[in-house]
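One structure below.
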Amino acid sequence: MALLDRSEWYDIARETNWTPSFVAESELFPDEMSDPYDVPVEAWETFDEPYKISYRQYVNIQREKDAAAYSVKAALSRQRFYESADVGYLNLIKMHYAAIALSEYAACHSDARMTRFGRAPGMRNMATFGMLDEMRHGQIQLWFPHELVGNDRQFDWAHEAHHSKNWAILAARHSLDDVMMSRDANTTAMMLNFAFEVGLTNIQMIGLANDAANMGDYTFQNLITSIQSDEARHAQIGVPVIEIMIENGKKAEAQYAVDVAFWRIWRIFAIAVGVPMDYYIPLEKRERSFKEYMHEFVITQYERQLRDVGLDRPWYWDLFLDDIENHHHCQQGGIWSWRETVWWHPVGAVSPPEREWLEEKYPGWNETYGYYWDVIIDQLVKDREEMTHQNCMPICCNVCQFPISNRPGPVWKARVHQTDHEGRRYNFCTPVCKWVFESDVERYAGNETIVDRMYNGTIQPQTLDAVLKYMGIGVISEGGRDGHDYRWADPYRPVADAAE
Amino acid sequence: MAMLPILSRFQYDAHILAVEVDTDFTMDQVAAACAEHCINHHVKDQPGKRLRVRRTTEDDSAEPLPPEMTVAEAGLQMYDCLDIYFEG
């Protein structure tokens, strides 16, 4: 039987809006689920998919993608790559699977919300495929690490992390719940598809696949490439939504949604990508620094995307540029110092040649972060390893949930930003996280960071051991230790010995 | 007497720490409690210099609190942020 060309039937088939007669329009599409911006439905009906595909085409393409990714995995699993891979690189994929696998599954719900409550038929079409994409991403990123659990229990966090109360996952979940899980269909499209996917992760996956290839991990490279090709398609849901918002006088609302989401996801992104790029990938395998990558791939293209859709740069742009050179260095120090609290084995990665590289890429690194590591190194070379552990907690931000930190050493930039609300004090890492909180207090008030939970009686007794257990450490798997057993500090020993 | 978590902004450290202090602690004892978590952990010791305590302000201009003043006398509340810094 001859089939019509897609272009001959697509527009007719997608026009699925109708006038309901059994329920009111407002009951079928409640504002809080569909469109709190009061944009006329006729405007939403102008939504034209930037990328059109039929269900038949979609299934055929996806089947081929899955077959390719799974066949590479099957072929390479005999090579025992993961048994001999550098622990720094293993950290990267342990962080990735735990943070991402169930986030993808959660994103399936976000797309399902757009599929059901989107006012634009074209948006509902794209979101249907997006929903199926995310389900595939969740499944494949659970299946791939599953075979590694037998060798290394920390890979079980791929499945367990999002069900735990580990501080790093509280950070991920708080942001993702905000951006993906608790907004109406249109705001979700602007926050998730535009700010999150177009702005950060679509490009991130290209860099991540490249890193995997450099390390010889072709299984992970194929997996990420397969996922990225889906992201590149469904990420485009957000652009027409923003354009329609602006055309209908809602630029400020669109700008706000995009700016909140971009910052929120950026704070996680810098840890998931910046720490591995500048510290976990072995020095000889690094192609560029995180800062170079951000400027070359993310900043240039995101600025252009904002301009193209009619939005401005976020008000916090200068703070964001500064954060690119600061946040992940601080958190690398923090994660290593509190290494028992995470599900991977952080590497120090500050041997003399690595510091030379860091100083070249981040001029001033030695006077700031280097000062911090000098203290740690001094203890290691004096065989006082116990001094490199912490027995109290850093205060965490009530928005991004990360330890409140800034440049150490003589410049001493660490500073908490605070606000009081209904008799309670909230702590923030930056003026931006404080702005996010104060811009929608009702949404964010009541948050309890892992440290708040120590002092409000949720975690008992108030000891580090109790906190670790609460966070799943020693329950799901062992916690972290120095991934290289401090070998990175060995080159400092002869100098210290000679000095004595 | 009661334990109270204050925020320790210790000179040269990268992180702000939550440190429990007793409301009867003097500022010298507060400084010592905070130093235990920072000096030789993330901050180099400076022998011969005294640690002082002041309330954290935007421009770092607050006067140091008297060494013998207690946490209760200073009116410190949960999550008040204090600078702990070297003097001399």
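By order in the structure tokens, chains are A, B, ...; within a chain, residues start at 1; ligands start at 1, following the order shown.
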List the neighbours of segment 238-241 of chain A out to 9 Å using only C-alpha atoms; skip same-chain residues closer than 2 positions along the sequence, and give me the result as a PDB file with C-alpha atoms, in the first residue's frame.
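Below you can see around01.pdb, which holds the result:
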ATOM      1  CA  TRP A  44      -0.055  28.503  21.265  1.00  0.00           C
ATOM      2  CA  THR A  46       1.088  28.714  16.072  1.00  0.00           C
ATOM      3  CA  PHE A  47       3.763  26.512  17.715  1.00  0.00           C
ATOM      4  CA  ASP A  48       5.578  24.881  14.819  1.00  0.00           C
ATOM      5  CA  GLU A  49       7.917  22.028  15.606  1.00  0.00           C
ATOM      6  CA  PRO A  50      11.478  22.867  14.625  1.00  0.00           C
ATOM      7  CA  MET A 123       4.435  20.787  21.463  1.00  0.00           C
ATOM      8  CA  ASN A 186       5.196  25.880  29.366  1.00  0.00           C
ATOM      9  CA  THR A 187       7.553  26.849  32.180  1.00  0.00           C
ATOM     10  CA  THR A 188       8.988  23.339  32.102  1.00  0.00           C
ATOM     11  CA  ALA A 189       9.670  23.716  28.379  1.00  0.00           C
ATOM     12  CA  MET A 190      11.511  26.994  28.947  1.00  0.00           C
ATOM     13  CA  MET A 191      13.455  25.725  31.954  1.00  0.00           C
ATOM     14  CA  LEU A 192      14.163  22.141  30.994  1.00  0.00           C
ATOM     15  CA  ASN A 193      14.270  22.123  27.210  1.00  0.00           C
ATOM     16  CA  PHE A 194      15.822  25.541  26.680  1.00  0.00           C
ATOM     17  CA  ALA A 195      17.922  26.562  29.701  1.00  0.00           C
ATOM     18  CA  VAL A 198      19.972  23.736  24.930  1.00  0.00           C
ATOM     19  CA  HIS A 234      13.619  17.285  22.011  1.00  0.00           C
ATOM     20  CA  ALA A 235      15.633  20.200  23.439  1.00  0.00           C
ATOM     21  CA  GLN A 236      14.045  22.277  20.701  1.00  0.00           C
ATOM     22  CA  GLU A 243       9.105  32.998  21.052  1.00  0.00           C
ATOM     23  CA  ILE A 244       5.345  32.785  21.590  1.00  0.00           C
ATOM     24  CA  MET A 245       5.742  34.117  25.140  1.00  0.00           C
ATOM     25  CA  ILE A 246       7.679  37.144  23.873  1.00  0.00           C
ATOM     26  CA  ALA A 254      10.258  33.948  30.043  1.00  0.00           C
ATOM     27  CA  GLN A 305      20.641  31.202  21.438  1.00  0.00           C
ATOM     28  CA  VAL A 309      14.950  33.787  20.722  1.00  0.00           C
TER      29      VAL A 309
END
Excluding segment 16-28 of chain B and its own-chain neighbours fewer than 3 positions away, which residues fall within 6 Å of it when counting only C-alpha atoms? Please give them as a PyMOL selection string. (chain A and resi 393-395+404) or (chain B and resi 1-9+31+67-72)
Hey, which bits of chain A sit within 8 Å of chain B, and for each residue what's the closest pair of atoms and how far apart in Å (one decimal), counting only C-alpha atoms, rows by chain and increasing number, as a tab-separated table?
residue	atom	partner	partner_atom	distance
A:Cys330	CA	B:Ala14	CA	6.6
A:Gly334	CA	B:His15	CA	7.8
A:Tyr372	CA	B:His42	CA	5.2
A:Trp373	CA	B:His42	CA	7.3
A:Val375	CA	B:His42	CA	5.6
A:Ile376	CA	B:His41	CA	6.2
A:Gln379	CA	B:Asn40	CA	7.1
A:Met387	CA	B:His41	CA	5.9
A:Thr388	CA	B:His41	CA	5.9
A:His389	CA	B:His41	CA	7.6
A:Gln390	CA	B:His37	CA	6.9
A:Asn391	CA	B:His37	CA	7.3
A:Cys392	CA	B:Val19	CA	6.9
A:Met393	CA	B:Ala18	CA	5.9
A:Pro394	CA	B:Leu17	CA	4.1
A:Ile395	CA	B:Leu17	CA	5.3
A:Pro403	CA	B:His15	CA	7.0
A:Ile404	CA	B:Ile16	CA	5.9
A:Ser405	CA	B:His15	CA	4.3
A:Asn406	CA	B:Ala14	CA	5.2
A:Arg407	CA	B:Ala14	CA	5.6
A:Pro408	CA	B:Ala14	CA	4.2
A:Gly409	CA	B:Tyr12	CA	4.3
A:Pro410	CA	B:Tyr12	CA	5.7
A:Val411	CA	B:Tyr12	CA	7.3
A:Trp412	CA	B:Tyr12	CA	4.8
A:Lys413	CA	B:Ala14	CA	7.4
A:Ala414	CA	B:Ala14	CA	5.6
A:Arg415	CA	B:Ile16	CA	7.2
A:Val416	CA	B:Ile16	CA	7.3
A:Arg425	CA	B:Tyr79	CA	7.1
A:Val451	CA	B:Ala18	CA	7.9
A:Tyr455	CA	B:Pro5	CA	7.8
Could you go through chain B and tell me which residues DSSP, when run on the backbone, assigns to alpha helix (DSSP H), listing them as a list in words? Met27, Asp28, Gln29, Val30, Ala31, Ala32, Ala33, Cys34, Ala35, Glu36, His37, Cys38, Val71, Ala72, Glu73 and Ala74 of chain B
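Selecting strand (DSSP E or B) from the backbone DSSP output for segment 11-68 of chain B yields His15, Leu17, Ala18, Val19, Glu20, Val21, Asp22, Thr26, Ile39, Val43, Arg50, Leu51, Arg52, Val53, Arg54 and Arg55 of chain B.
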Exercise: Phe86 of chain B partners within 8 Å, only C-alpha atoms, chain neighbours under 6 positions left out, as a ChimeraX atom specification: /B:11,46,49-52
Residues as selected, N, CA and C atoms, written as an mmCIF file, in the first residue's frame, can you do that?
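What landed in out_3.cif:
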data_model
loop_
_atom_site.group_PDB
_atom_site.id
_atom_site.type_symbol
_atom_site.label_atom_id
_atom_site.label_comp_id
_atom_site.auth_asym_id
_atom_site.auth_seq_id
_atom_site.Cartn_x
_atom_site.Cartn_y
_atom_site.Cartn_z
ATOM 1 N N GLN B 11 39.643 32.805 58.597
ATOM 2 C CA GLN B 11 40.519 33.497 57.645
ATOM 3 C C GLN B 11 41.344 32.506 56.820
ATOM 4 N N GLN B 46 49.653 30.103 62.294
ATOM 5 C CA GLN B 46 50.504 31.294 62.371
ATOM 6 C C GLN B 46 50.925 31.480 63.821
ATOM 7 N N LYS B 49 50.598 34.522 66.635
ATOM 8 C CA LYS B 49 49.481 35.444 66.389
ATOM 9 C C LYS B 49 48.259 34.981 67.161
ATOM 10 N N ARG B 50 47.473 35.937 67.551
ATOM 11 C CA ARG B 50 46.288 35.635 68.340
ATOM 12 C C ARG B 50 45.066 35.569 67.428
ATOM 13 N N LEU B 51 44.155 34.657 67.739
ATOM 14 C CA LEU B 51 42.907 34.581 66.967
ATOM 15 C C LEU B 51 41.874 35.513 67.576
ATOM 16 N N ARG B 52 41.231 36.300 66.749
ATOM 17 C CA ARG B 52 40.166 37.188 67.212
ATOM 18 C C ARG B 52 38.861 36.797 66.532
#
What does the structure give for the distance between atom CA of Thr128 of chain A and atom CA of Met114 of chain A, in Å to one decimal? 8.1 Å
Spatial neighbours of His146 of chain A, max dist 12 Å, only C-alpha atoms, sep filter under 6 positions, as a PyMOL selection string: chain A and resi 94+97-98+101+139-140+152-160
Ranking A:Cys396, A:Asn17, A:Gly130, A:Arg453 by minimum distance to Tyr426 of chain A and counting only C-alpha atoms, which one comes first? A:Cys396
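The smallest atom-to-atom distance between Gln462 of chain A and any of A:Lys291, A:Tyr256, A:Ile450, A:Pro36, using only C-alpha atoms, is found for A:Ile450.
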